[in-house]
>>> print(open('target_10.pdb').read())   # PDB, C-alpha atoms
ATOM      1  CA  MET A  25      36.682 -38.652 -46.458
ATOM      2  CA  ALA A  26      39.552 -39.763 -44.212
ATOM      3  CA  ARG A  27      41.715 -37.027 -42.764
ATOM      4  CA  GLY A  28      45.419 -36.913 -43.502
ATOM      5  CA  PRO A  29      48.106 -36.927 -40.819
ATOM      6  CA  ILE A  30      48.034 -34.081 -38.305
ATOM      7  CA  PRO A  31      50.512 -31.422 -39.475
ATOM      8  CA  ALA A  32      53.469 -30.641 -37.263
ATOM      9  CA  SER A  33      53.164 -27.598 -35.051
ATOM     10  CA  PRO A  34      54.656 -24.471 -36.627
ATOM     11  CA  LEU A  35      55.665 -23.353 -33.117
ATOM     12  CA  PRO A  36      58.609 -24.952 -31.317
ATOM     13  CA  PRO A  37      57.931 -26.547 -27.935
ATOM     14  CA  ARG A  38      58.139 -24.333 -24.876
ATOM     15  CA  HIS A  39      59.925 -25.948 -21.918
ATOM     16  CA  GLY A  40      59.595 -29.194 -23.857
ATOM     17  CA  VAL A  41      55.792 -28.866 -24.182
ATOM     18  CA  ASP A  42      54.080 -28.675 -27.580
ATOM     19  CA  ALA A  43      51.824 -25.833 -28.600
ATOM     20  CA  GLN A  44      48.136 -26.709 -28.575
ATOM     21  CA  ARG A  45      46.347 -27.217 -31.889
ATOM     22  CA  PHE A  46      42.821 -25.860 -32.342
ATOM     23  CA  ARG A  47      40.987 -27.212 -35.390
ATOM     24  CA  MET A  48      37.947 -25.218 -36.387
ATOM     25  CA  PRO A  49      34.623 -27.042 -36.796
ATOM     26  CA  GLN A  50      33.083 -27.506 -40.228
ATOM     27  CA  ASP A  51      30.508 -24.788 -39.626
ATOM     28  CA  GLY A  52      29.120 -22.563 -36.914
ATOM     29  CA  PRO A  53      27.631 -19.169 -36.104
ATOM     30  CA  TRP A  54      30.953 -17.345 -35.665
ATOM     31  CA  THR A  55      32.155 -14.715 -38.109
ATOM     32  CA  SER A  56      35.538 -14.146 -36.435
ATOM     33  CA  LEU A  57      38.240 -16.419 -35.087
ATOM     34  CA  ARG A  58      38.141 -14.387 -31.899
ATOM     35  CA  ASP A  59      34.460 -15.137 -31.239
ATOM     36  CA  HIS A  60      34.989 -18.854 -31.771
ATOM     37  CA  LEU A  61      38.007 -18.961 -29.455
ATOM     38  CA  VAL A  62      36.196 -17.033 -26.719
ATOM     39  CA  GLU A  63      33.363 -19.568 -26.763
ATOM     40  CA  ARG A  64      35.632 -22.560 -27.167
ATOM     41  CA  LEU A  65      38.042 -21.709 -24.374
ATOM     42  CA  SER A  66      35.429 -20.548 -21.878
ATOM     43  CA  PRO A  67      35.381 -20.712 -18.910
ATOM     44  CA  GLY A  68      39.056 -21.527 -18.421
ATOM     45  CA  VAL A  69      40.239 -18.672 -20.608
ATOM     46  CA  GLY A  70      38.234 -15.454 -20.601
ATOM     47  CA  ALA A  71      37.578 -13.050 -23.453
ATOM     48  CA  ALA A  72      40.183 -10.607 -22.143
ATOM     49  CA  GLU A  73      42.900 -13.265 -22.281
ATOM     50  CA  VAL A  74      41.913 -14.320 -25.814
ATOM     51  CA  ASP A  75      42.080 -10.667 -26.890
ATOM     52  CA  ARG A  76      45.505 -10.278 -25.280
ATOM     53  CA  MET A  77      46.848 -13.407 -26.995
ATOM     54  CA  LEU A  78      45.561 -12.227 -30.382
ATOM     55  CA  ARG A  79      47.087  -8.767 -29.929
ATOM     56  CA  ALA A  80      50.382 -10.396 -28.954
ATOM     57  CA  GLY A  81      50.358 -12.636 -32.037
ATOM     58  CA  GLU A  82      50.273 -15.822 -29.952
ATOM     59  CA  PHE A  83      47.804 -17.625 -32.228
ATOM     60  CA  VAL A  84      49.465 -18.680 -35.494
ATOM     61  CA  ASP A  85      48.402 -20.448 -38.677
ATOM     62  CA  VAL A  86      49.929 -23.564 -40.246
ATOM     63  CA  CYS A  87      52.825 -21.472 -41.586
ATOM     64  CA  GLY A  88      53.559 -19.936 -38.191
ATOM     65  CA  THR A  89      52.177 -16.536 -39.196
ATOM     66  CA  PRO A  90      50.527 -14.661 -36.305
ATOM     67  CA  LEU A  91      46.795 -14.185 -36.832
ATOM     68  CA  PRO A  92      45.393 -10.674 -36.421
ATOM     69  CA  ALA A  93      42.731  -9.769 -33.883
ATOM     70  CA  ASP A  94      40.143  -9.410 -36.665
ATOM     71  CA  ALA A  95      40.960 -12.707 -38.411
ATOM     72  CA  PRO A  96      37.828 -14.356 -39.846
ATOM     73  CA  PHE A  97      36.530 -17.726 -38.745
ATOM     74  CA  VAL A  98      37.609 -20.262 -41.400
ATOM     75  CA  PRO A  99      35.863 -23.665 -41.218
ATOM     76  CA  GLN A 100      38.229 -26.628 -40.706
ATOM     77  CA  ALA A 101      41.266 -24.385 -40.471
ATOM     78  CA  ALA A 102      43.767 -24.995 -37.668
ATOM     79  CA  VAL A 103      45.558 -22.555 -35.406
ATOM     80  CA  TRP A 104      48.220 -23.129 -32.759
ATOM     81  CA  ALA A 105      49.103 -21.395 -29.512
ATOM     82  CA  HIS A 106      50.968 -22.088 -26.304
ATOM     83  CA  ARG A 107      48.689 -22.227 -23.280
ATOM     84  CA  ASP A 108      49.700 -21.119 -19.794
ATOM     85  CA  LEU A 109      51.506 -23.901 -17.992
ATOM     86  CA  PRO A 110      50.369 -25.120 -14.578
ATOM     87  CA  VAL A 111      52.432 -24.450 -11.477
ATOM     88  CA  GLU A 112      54.253 -27.714 -10.790
ATOM     89  CA  VAL A 113      56.411 -29.222  -8.113
ATOM     90  CA  VAL A 114      59.871 -29.691  -9.609
ATOM     91  CA  HIS A 115      60.819 -33.356  -9.682
ATOM     92  CA  PRO A 116      64.103 -33.862  -7.798
ATOM     93  CA  GLU A 117      65.433 -36.312 -10.399
ATOM     94  CA  ALA A 118      65.923 -36.092 -14.145
ATOM     95  CA  PRO A 119      65.598 -38.851 -16.724
ATOM     96  CA  VAL A 120      68.978 -40.444 -17.440
ATOM     97  CA  VAL A 121      69.818 -41.128 -21.089
ATOM     98  CA  LEU A 122      70.728 -44.785 -21.585
ATOM     99  CA  HIS A 123      70.961 -44.696 -25.384
ATOM    100  CA  ARG A 124      70.684 -42.141 -28.164
ATOM    101  CA  ASP A 125      70.902 -42.447 -31.932
ATOM    102  CA  HIS A 126      69.255 -40.834 -34.954
ATOM    103  CA  ARG A 127      66.044 -42.878 -34.544
ATOM    104  CA  ILE A 128      65.463 -43.438 -30.826
ATOM    105  CA  VAL A 129      66.332 -42.113 -27.378
ATOM    106  CA  VAL A 130      66.053 -44.438 -24.375
ATOM    107  CA  VAL A 131      65.960 -43.063 -20.834
ATOM    108  CA  ASP A 132      65.804 -44.322 -17.272
ATOM    109  CA  LYS A 133      62.638 -42.650 -15.984
ATOM    110  CA  PRO A 134      62.428 -41.755 -12.286
ATOM    111  CA  HIS A 135      59.567 -42.878 -10.083
ATOM    112  CA  ASP A 136      56.546 -40.550  -9.905
ATOM    113  CA  MET A 137      57.181 -38.868 -13.255
ATOM    114  CA  ALA A 138      54.431 -38.960 -15.908
ATOM    115  CA  THR A 139      55.427 -40.168 -19.379
ATOM    116  CA  MET A 140      53.327 -37.570 -21.234
ATOM    117  CA  PRO A 141      52.269 -34.023 -20.269
ATOM    118  CA  ARG A 142      48.890 -34.281 -18.602
ATOM    119  CA  GLY A 143      46.927 -32.557 -15.852
ATOM    120  CA  ARG A 144      49.254 -31.433 -13.080
ATOM    121  CA  HIS A 145      52.312 -33.052 -14.686
ATOM    122  CA  VAL A 146      53.320 -31.116 -17.790
ATOM    123  CA  VAL A 147      56.780 -29.525 -17.769
ATOM    124  CA  GLN A 148      57.818 -32.178 -15.240
ATOM    125  CA  SER A 149      56.772 -35.052 -17.518
ATOM    126  CA  ALA A 150      59.413 -37.413 -18.901
ATOM    127  CA  LEU A 151      58.699 -36.240 -22.442
ATOM    128  CA  ALA A 152      59.187 -32.545 -21.660
ATOM    129  CA  ARG A 153      62.215 -33.137 -19.433
ATOM    130  CA  THR A 154      63.887 -35.377 -22.032
ATOM    131  CA  ARG A 155      63.243 -32.909 -24.854
ATOM    132  CA  VAL A 156      64.948 -30.181 -22.844
ATOM    133  CA  LEU A 157      67.747 -32.528 -21.783
ATOM    134  CA  THR A 158      68.546 -33.678 -25.325
ATOM    135  CA  GLY A 159      67.525 -30.606 -27.335
ATOM    136  CA  LEU A 160      65.341 -32.864 -29.506
ATOM    137  CA  ASP A 161      62.023 -31.030 -29.861
ATOM    138  CA  ARG A 162      60.175 -33.755 -31.783
ATOM    139  CA  LEU A 163      60.651 -36.648 -29.391
ATOM    140  CA  THR A 164      57.550 -38.825 -28.980
ATOM    141  CA  PRO A 165      57.050 -41.799 -26.627
ATOM    142  CA  ALA A 166      57.047 -45.167 -28.376
ATOM    143  CA  HIS A 167      55.190 -46.606 -25.368
ATOM    144  CA  ARG A 168      54.252 -45.527 -21.839
ATOM    145  CA  LEU A 169      55.055 -46.256 -18.243
ATOM    146  CA  ASP A 170      52.667 -45.485 -15.401
ATOM    147  CA  ARG A 171      53.684 -42.360 -13.529
ATOM    148  CA  PRO A 172      54.646 -44.260 -10.328
ATOM    149  CA  THR A 173      56.763 -46.818 -12.229
ATOM    150  CA  ALA A 174      60.453 -46.127 -12.865
ATOM    151  CA  GLY A 175      62.706 -47.578 -15.526
ATOM    152  CA  VAL A 176      63.346 -47.987 -19.230
ATOM    153  CA  LEU A 177      61.296 -45.709 -21.491
ATOM    154  CA  MET A 178      61.843 -45.218 -25.223
ATOM    155  CA  PHE A 179      61.178 -42.207 -27.448
ATOM    156  CA  THR A 180      61.354 -41.795 -31.216
ATOM    157  CA  VAL A 181      63.342 -38.840 -32.530
ATOM    158  CA  GLU A 182      61.191 -37.846 -35.510
ATOM    159  CA  GLN A 183      57.624 -38.472 -36.628
ATOM    160  CA  GLY A 184      58.826 -40.697 -39.462
ATOM    161  CA  TRP A 185      60.180 -43.265 -36.982
ATOM    162  CA  ARG A 186      57.135 -43.209 -34.707
ATOM    163  CA  GLY A 187      55.025 -45.794 -36.552
ATOM    164  CA  PRO A 188      57.591 -48.625 -36.830
ATOM    165  CA  TYR A 189      58.640 -48.419 -33.173
ATOM    166  CA  GLN A 190      55.145 -47.973 -31.764
ATOM    167  CA  ARG A 191      54.082 -51.108 -33.658
ATOM    168  CA  VAL A 192      56.724 -53.079 -31.757
ATOM    169  CA  PHE A 193      54.696 -52.453 -28.608
ATOM    170  CA  ALA A 194      51.229 -52.502 -30.170
ATOM    171  CA  GLU A 195      51.909 -55.937 -31.683
ATOM    172  CA  GLY A 196      53.488 -57.382 -28.535
ATOM    173  CA  LEU A 197      56.949 -57.776 -30.072
ATOM    174  CA  ALA A 198      58.842 -56.172 -27.174
ATOM    175  CA  HIS A 199      60.243 -58.295 -24.361
ATOM    176  CA  LYS A 200      59.848 -56.490 -21.030
ATOM    177  CA  GLU A 201      61.042 -57.499 -17.579
ATOM    178  CA  TYR A 202      60.116 -55.716 -14.371
ATOM    179  CA  LEU A 203      61.470 -56.001 -10.854
ATOM    180  CA  ALA A 204      59.215 -55.466  -7.840
ATOM    181  CA  VAL A 205      59.492 -55.610  -4.069
ATOM    182  CA  ALA A 206      56.470 -57.189  -2.400
ATOM    183  CA  PRO A 207      55.666 -59.358   0.629
ATOM    184  CA  VAL A 208      56.395 -63.079   0.610
ATOM    185  CA  LEU A 209      53.218 -65.125   0.940
ATOM    186  CA  PRO A 210      53.789 -68.548   2.524
ATOM    187  CA  GLY A 211      52.242 -71.293   0.479
ATOM    188  CA  LEU A 212      52.288 -69.353  -2.807
ATOM    189  CA  ALA A 213      54.052 -71.676  -5.248
ATOM    190  CA  LEU A 214      56.319 -69.772  -7.616
ATOM    191  CA  PRO A 215      57.135 -69.365 -10.428
ATOM    192  CA  LEU A 216      53.648 -69.163 -11.877
ATOM    193  CA  VAL A 217      51.889 -67.599 -14.828
ATOM    194  CA  ARG A 218      49.045 -65.318 -13.742
ATOM    195  CA  ARG A 219      46.244 -65.282 -16.311
ATOM    196  CA  THR A 220      43.250 -63.106 -15.484
ATOM    197  CA  HIS A 221      40.650 -60.884 -17.101
ATOM    198  CA  LEU A 222      41.412 -57.260 -16.208
ATOM    199  CA  VAL A 223      38.947 -54.392 -16.480
ATOM    200  CA  LYS A 224      39.643 -50.733 -15.822
ATOM    201  CA  GLU A 225      36.499 -48.653 -16.050
ATOM    202  CA  HIS A 226      36.421 -45.008 -17.004
ATOM    203  CA  GLY A 227      36.414 -42.759 -13.968
ATOM    204  CA  THR A 228      37.930 -45.335 -11.625
ATOM    205  CA  HIS A 229      41.550 -45.377 -10.513
ATOM    206  CA  GLN A 230      41.878 -49.101  -9.875
ATOM    207  CA  ALA A 231      41.712 -51.954 -12.339
ATOM    208  CA  ARG A 232      40.044 -55.161 -11.184
ATOM    209  CA  GLU A 233      40.179 -58.833 -12.003
ATOM    210  CA  VAL A 234      36.931 -60.405 -13.230
ATOM    211  CA  ARG A 235      36.385 -64.023 -12.306
ATOM    212  CA  ASP A 236      35.123 -66.578 -14.811
ATOM    213  CA  ALA A 237      35.943 -64.345 -17.785
ATOM    214  CA  ASP A 238      38.366 -65.175 -20.577
ATOM    215  CA  PRO A 239      41.894 -64.035 -19.630
ATOM    216  CA  ASN A 240      43.179 -60.918 -21.335
ATOM    217  CA  ALA A 241      46.269 -60.368 -19.154
ATOM    218  CA  GLU A 242      49.184 -62.735 -18.619
ATOM    219  CA  THR A 243      52.317 -62.358 -16.482
ATOM    220  CA  LEU A 244      55.119 -64.718 -15.494
ATOM    221  CA  VAL A 245      55.848 -64.149 -11.786
ATOM    222  CA  GLU A 246      59.185 -65.341 -10.340
ATOM    223  CA  LEU A 247      60.612 -64.894  -6.847
ATOM    224  CA  LEU A 248      64.333 -64.132  -7.103
ATOM    225  CA  GLU A 249      65.366 -63.500  -3.497
ATOM    226  CA  THR A 250      63.861 -63.110  -0.029
ATOM    227  CA  ALA A 251      64.744 -60.776   2.845
ATOM    228  CA  PRO A 252      63.289 -61.894   6.206
ATOM    229  CA  GLY A 253      62.127 -59.074   8.467
ATOM    230  CA  ALA A 254      62.862 -56.385   5.875
ATOM    231  CA  GLY A 255      59.313 -54.981   5.718
ATOM    232  CA  THR A 256      58.188 -51.987   7.741
ATOM    233  CA  GLY A 257      56.196 -54.327   9.988
ATOM    234  CA  GLY A 258      58.947 -56.935  10.154
ATOM    235  CA  GLU A 259      57.432 -59.119   7.445
ATOM    236  CA  GLU A 260      59.493 -61.001   4.900
ATOM    237  CA  LEU A 261      59.957 -59.244   1.583
ATOM    238  CA  GLY A 262      60.687 -60.723  -1.801
ATOM    239  CA  LEU A 263      62.326 -59.424  -4.941
ATOM    240  CA  TYR A 264      60.163 -60.521  -7.860
ATOM    241  CA  ARG A 265      60.811 -60.620 -11.583
ATOM    242  CA  LEU A 266      57.667 -59.972 -13.604
ATOM    243  CA  THR A 267      57.523 -60.762 -17.317
ATOM    244  CA  PRO A 268      54.261 -59.526 -18.840
ATOM    245  CA  ARG A 269      53.073 -61.157 -22.024
ATOM    246  CA  THR A 270      50.283 -58.605 -22.464
ATOM    247  CA  GLY A 271      50.116 -54.911 -21.658
ATOM    248  CA  ARG A 272      46.886 -54.089 -19.817
ATOM    249  CA  THR A 273      46.573 -50.960 -17.668
ATOM    250  CA  HIS A 274      47.922 -51.604 -14.140
ATOM    251  CA  GLN A 275      48.439 -55.255 -15.101
ATOM    252  CA  LEU A 276      51.383 -56.000 -12.811
ATOM    253  CA  ARG A 277      50.062 -54.039  -9.843
ATOM    254  CA  CYS A 278      46.571 -55.515 -10.030
ATOM    255  CA  GLN A 279      47.706 -59.105 -10.626
ATOM    256  CA  LEU A 280      50.210 -59.110  -7.753
ATOM    257  CA  ASN A 281      47.551 -57.660  -5.483
ATOM    258  CA  GLY A 282      45.243 -60.465  -6.648
ATOM    259  CA  LEU A 283      47.892 -62.981  -5.594
ATOM    260  CA  GLY A 284      47.969 -61.442  -2.117
ATOM    261  CA  ILE A 285      51.360 -59.785  -2.561
ATOM    262  CA  PRO A 286      50.680 -56.085  -3.327
ATOM    263  CA  ILE A 287      53.778 -54.146  -4.369
ATOM    264  CA  VAL A 288      55.407 -52.113  -1.617
ATOM    265  CA  GLY A 289      54.529 -48.415  -1.810
ATOM    266  CA  ASP A 290      51.549 -48.864  -4.142
ATOM    267  CA  PRO A 291      49.109 -45.960  -3.617
ATOM    268  CA  LEU A 292      46.235 -47.804  -5.323
ATOM    269  CA  TYR A 293      46.412 -51.481  -4.384
ATOM    270  CA  PRO A 294      44.996 -53.002  -2.258
ATOM    271  CA  VAL A 295      43.482 -49.752  -0.925
ATOM    272  CA  GLU A 296      43.623 -46.347  -2.582
ATOM    273  CA  ARG A 297      45.393 -43.801  -0.411
ATOM    274  CA  ASP A 298      46.109 -40.128  -0.891
ATOM    275  CA  VAL A 299      49.708 -39.173  -1.690
ATOM    276  CA  PRO A 300      50.425 -35.433  -1.422
ATOM    277  CA  LEU A 301      51.566 -33.827  -4.654
ATOM    278  CA  GLY A 302      55.320 -33.544  -4.614
ATOM    279  CA  CYS A 303      55.884 -36.398  -2.171
ATOM    280  CA  PHE A 304      58.761 -38.470  -3.568
ATOM    281  CA  ASP A 305      59.791 -40.230  -0.346
ATOM    282  CA  ALA A 306      58.083 -43.613  -0.673
ATOM    283  CA  PRO A 307      57.693 -44.534  -4.349
ATOM    284  CA  LEU A 308      56.044 -47.617  -5.778
ATOM    285  CA  GLN A 309      58.646 -50.384  -5.721
ATOM    286  CA  LEU A 310      58.237 -51.341  -9.364
ATOM    287  CA  LEU A 311      60.951 -50.953 -11.993
ATOM    288  CA  ALA A 312      60.865 -51.485 -15.752
ATOM    289  CA  ALA A 313      64.236 -53.209 -15.707
ATOM    290  CA  VAL A 314      64.710 -54.599 -19.229
ATOM    291  CA  LEU A 315      63.407 -53.719 -22.673
ATOM    292  CA  ALA A 316      64.454 -55.851 -25.652
ATOM    293  CA  PHE A 317      63.213 -56.169 -29.241
ATOM    294  CA  ASP A 318      64.303 -56.665 -32.823
ATOM    295  CA  ASP A 319      64.707 -53.253 -34.396
ATOM    296  CA  PRO A 320      61.864 -52.771 -36.910
ATOM    297  CA  VAL A 321      64.086 -50.704 -39.223
ATOM    298  CA  ASP A 322      67.347 -52.659 -39.500
ATOM    299  CA  GLY A 323      66.602 -55.931 -37.671
ATOM    300  CA  THR A 324      69.356 -55.590 -35.060
ATOM    301  CA  ARG A 325      68.679 -56.880 -31.554
ATOM    302  CA  ARG A 326      68.133 -54.041 -29.112
ATOM    303  CA  ARG A 327      68.395 -54.502 -25.350
ATOM    304  CA  PHE A 328      68.288 -51.758 -22.729
ATOM    305  CA  VAL A 329      68.723 -52.234 -18.975
ATOM    306  CA  SER A 330      67.789 -49.813 -16.198
ATOM    307  CA  ARG A 331      70.574 -48.634 -13.909
ATOM    308  CA  ARG A 332      68.139 -47.909 -11.095
ATOM    309  CA  ARG A 333      67.407 -50.102  -8.107
ATOM    310  CA  LEU A 334      64.472 -50.292  -5.730
ATOM    311  CA  ALA A 335      65.140 -48.564  -2.416
ATOM    312  CA  ALA A 336      63.046 -50.972  -0.335
ATOM    313  CA  TRP A 337      65.189 -53.940  -1.288
ATOM    314  CA  PRO A 338      67.983 -54.465   1.283
ATOM    315  CA  GLY A 339      69.865 -57.244  -0.462
ATOM    316  CA  ASP A 340      72.178 -57.524  -3.441
ATOM    317  CA  TRP A 341      70.814 -56.222  -6.710
ATOM    318  CA  PRO A 342      70.505 -58.723  -9.554
ATOM    319  CA  THR A 343      72.048 -58.252 -12.966
ATOM    320  CA  PRO A 344      69.108 -58.346 -15.406
TER     321      PRO A 344
END
>>> encode(input="target_10.pdb", output="structure tokens")
Amino acid sequence: MARGPIPASPLPPRHGVDAQRFRMPQDGPWTSLRDHLVERLSPGVGAAEVDRMLRAGEFVDVCGTPLPADAPFVPQAAVWAHRDLPVEVVHPEAPVVLHRDHRIVVVDKPHDMATMPRGRHVVQSALARTRVLTGLDRLTPAHRLDRPTAGVLMFTVEQGWRGPYQRVFAEGLAHKEYLAVAPVLPGLALPLVRRTHLVKEHGTHQAREVRDADPNAETLVELLETAPGAGTGGEELGLYRLTPRTGRTHQLRCQLNGLGIPIVGDPLYPVERDVPLGCFDAPLQLLAAVLAFDDPVDGTRRRFVSRRRLAAWPGDWPTP
């Protein structure tokens, strides 16, 4: 039997971060909720901490009612609780709201800010920061930007709007333009459409292009301007407009590297390098500059433009 939609958390977000949902398995050897949680959360959370959270009423049921320390194990039931948040480096910038209405919120995301809470980037994620900034606790990303990439990012305000707007991206109906600063390669004829087969394997940080395989990634690459001697080594830099027609992981970064023009400041391409946590001094010079689509609810044309610019570019900034 198919499961219904996941019920909304009965607990409000804390610092913009949702409570965690724990769904009980269909069966098991446990007689108490406490015994199941101790086993389930080990070794990260010890028995003493589970006992403390139960005594404090921090685990709640679907109605938000605190569960007692002697609550029984109930198969397939769900409980919620807020977990301890990691210690994070505070991002020096905040998302800037470009647009807000009753269905969507659009922000200008800074470089080096994760879209969703994950790993070492939770409270400092764009989702958590924007929830706190707007006071809208149910915001959900309609799509994602890589953590190093800055620019236009859209959220839906309520769960009911999530499906229509996420389908805009899932079905390739959104027009996206990026700007990037990268070296100029003599002899590279532009504009061109880069069509390659990209693979990103689990456990690896880099994506790679596979030769002689059917293309699954396509990007229009245009050179807008050049700046001779502007690179750190005196090389000529270019300002590129990138228009992806597909949305593979690391598509723009991997394809430009494959052309021999890796994006300035990229910590993964061509060679992976370690960037200390909390280092915001030399971000990836890639910007999600334009997002446009026909609104799936009322059909109006939507177009949002980033107000950011790329620090490595010394020349005039184009009007997208």
>>> residues_around(input="target_10.pdb", residues="Ala213 in chain A", least_positions_apart="3", cutoff="12 Å", atoms="only C-alpha atoms", output="MDAnalysis selection string")
chainID A and resid 208:210 216:218 245:247 283
>>> atom_distance(input="target_10.pdb", atom1="CA of Gly284 in chain A", atom2="CA of Leu263 in chain A")
14.8 Å
>>> closest_residue(input="target_10.pdb", among="A:Gly339, A:Pro37, A:Thr164, A:Gly289", to="Gly262 in chain A", atoms="all atoms listed in the file")
A:Gly339
>>> closest_residue(input="target_10.pdb", among="A:Val98, A:Ala166, A:Leu244, A:Leu311", to="Thr267 in chain A", atoms="all atoms listed in the file")
A:Leu244
>>> closest_atom_pairs(input="target_10.pdb", of="range 194-220 of chain A", to="range 169-186 of chain A", cutoff="12 Å", atoms="only C-alpha atoms", output="JSON lines")
{"residue": "A:Ala194", "atom": "CA", "partner": "A:Arg186", "partner_atom": "CA", "distance": 11.9}
{"residue": "A:Ala198", "atom": "CA", "partner": "A:Met178", "partner_atom": "CA", "distance": 11.5}
{"residue": "A:His199", "atom": "CA", "partner": "A:Val176", "partner_atom": "CA", "distance": 11.9}
{"residue": "A:Lys200", "atom": "CA", "partner": "A:Val176", "partner_atom": "CA", "distance": 9.4}
{"residue": "A:Glu201", "atom": "CA", "partner": "A:Val176", "partner_atom": "CA", "distance": 9.9}
{"residue": "A:Tyr202", "atom": "CA", "partner": "A:Gly175", "partner_atom": "CA", "distance": 8.6}
{"residue": "A:Leu203", "atom": "CA", "partner": "A:Gly175", "partner_atom": "CA", "distance": 9.7}
{"residue": "A:Ala204", "atom": "CA", "partner": "A:Thr173", "partner_atom": "CA", "distance": 10.0}
>>> atom_distance(input="target_10.pdb", atom1="CA of Thr256 in chain A", atom2="CA of Thr243 in chain A")
27.0 Å
>>> closest_residue(input="target_10.pdb", among="A:Leu61, A:Leu160, A:Cys87, A:Val114", to="Val129 in chain A", atoms="all atoms listed in the file")
A:Leu160
>>> atom_distance(input="target_10.pdb", atom1="CA of Leu276 in chain A", atom2="CA of Pro342 in chain A")
19.6 Å
>>> residues_around(input="target_10.pdb", residues="Ala152 in chain A", least_positions_apart="3", cutoff="8 Å", atoms="only C-alpha atoms", output="number ranges by chain")
A: 39-41, 140-141, 146-149, 155-156
>>> closest_residue(input="target_10.pdb", among="A:His229, A:Gly196, A:Arg107, A:Phe83", to="Asp298 in chain A", atoms="all atoms listed in the file")
A:His229
>>> closest_residue(input="target_10.pdb", among="A:Ile285, A:Val234, A:Leu222, A:Val192", to="Leu315 in chain A", atoms="only C-alpha atoms")
A:Val192
>>> resolve_selection(input="target_10.pdb", expression="the PyMOL selection byres ((chain A and resi 119) around 7)", output="compact mmCIF listing (two decimals) with C-alpha atoms, in the frame of the given file")
# COMPACT_ATOMS: atom_id res chain seq x y z
CA GLU A 117 65.43 -36.31 -10.40
CA ALA A 118 65.92 -36.09 -14.14
CA VAL A 120 68.98 -40.44 -17.44
CA VAL A 121 69.82 -41.13 -21.09
CA VAL A 131 65.96 -43.06 -20.83
CA ASP A 132 65.80 -44.32 -17.27
CA LYS A 133 62.64 -42.65 -15.98
CA PRO A 134 62.43 -41.76 -12.29
CA ALA A 150 59.41 -37.41 -18.90
CA THR A 154 63.89 -35.38 -22.03
>>> residues_around(input="target_10.pdb", residues="Leu78 in chain A", least_positions_apart="4", cutoff="7 Å", atoms="all atoms listed in the file", output="PyMOL selection string")
chain A and resi 74+82-83+91-93
>>> write_last_selection(input="target_10.pdb", atoms="C-alpha atoms", output="mmCIF file, in the frame of the given file")
data_model
loop_
_atom_site.group_PDB
_atom_site.id
_atom_site.type_symbol
_atom_site.label_atom_id
_atom_site.label_comp_id
_atom_site.auth_asym_id
_atom_site.auth_seq_id
_atom_site.Cartn_x
_atom_site.Cartn_y
_atom_site.Cartn_z
ATOM 1 C CA VAL A 74 41.913 -14.320 -25.814
ATOM 2 C CA GLU A 82 50.273 -15.822 -29.952
ATOM 3 C CA PHE A 83 47.804 -17.625 -32.228
ATOM 4 C CA LEU A 91 46.795 -14.185 -36.832
ATOM 5 C CA PRO A 92 45.393 -10.674 -36.421
ATOM 6 C CA ALA A 93 42.731 -9.769 -33.883
#
>>> closest_residue(input="target_10.pdb", among="A:Pro252, A:Pro96, A:Val205, A:Gly143", to="Val288 in chain A", atoms="all atoms listed in the file")
A:Val205
>>> resolve_selection(input="target_10.pdb", expression="the PyMOL selection byres ((chain A and resi 317) around 12)", output="MDAnalysis selection string")
chainID A and resid 178 189:193 195:201 314:316 318:328
>>> resolve_selection(input="target_10.pdb", expression="the PyMOL selection byres ((chain A and resi 221) around 8)", output="mmCIF file with C-alpha atoms, in the coordinates of the input")
data_model
loop_
_atom_site.group_PDB
_atom_site.id
_atom_site.type_symbol
_atom_site.label_atom_id
_atom_site.label_comp_id
_atom_site.auth_asym_id
_atom_site.auth_seq_id
_atom_site.Cartn_x
_atom_site.Cartn_y
_atom_site.Cartn_z
ATOM 1 C CA ARG A 219 46.244 -65.282 -16.311
ATOM 2 C CA THR A 220 43.250 -63.106 -15.484
ATOM 3 C CA LEU A 222 41.412 -57.260 -16.208
ATOM 4 C CA VAL A 223 38.947 -54.392 -16.480
ATOM 5 C CA GLU A 233 40.179 -58.833 -12.003
ATOM 6 C CA VAL A 234 36.931 -60.405 -13.230
ATOM 7 C CA ARG A 235 36.385 -64.023 -12.306
ATOM 8 C CA ALA A 237 35.943 -64.345 -17.785
ATOM 9 C CA ASP A 238 38.366 -65.175 -20.577
ATOM 10 C CA PRO A 239 41.894 -64.035 -19.630
ATOM 11 C CA ASN A 240 43.179 -60.918 -21.335
ATOM 12 C CA ALA A 241 46.269 -60.368 -19.154
#
>>> residues_near_point(input="target_10.pdb", point="(48.8, -49.3, -5.7)", cutoff="10 Å", atoms="all atoms listed in the file", output="PyMOL selection string")
chain A and resi 172+229-230+274+277-278+281+286-297+308-309
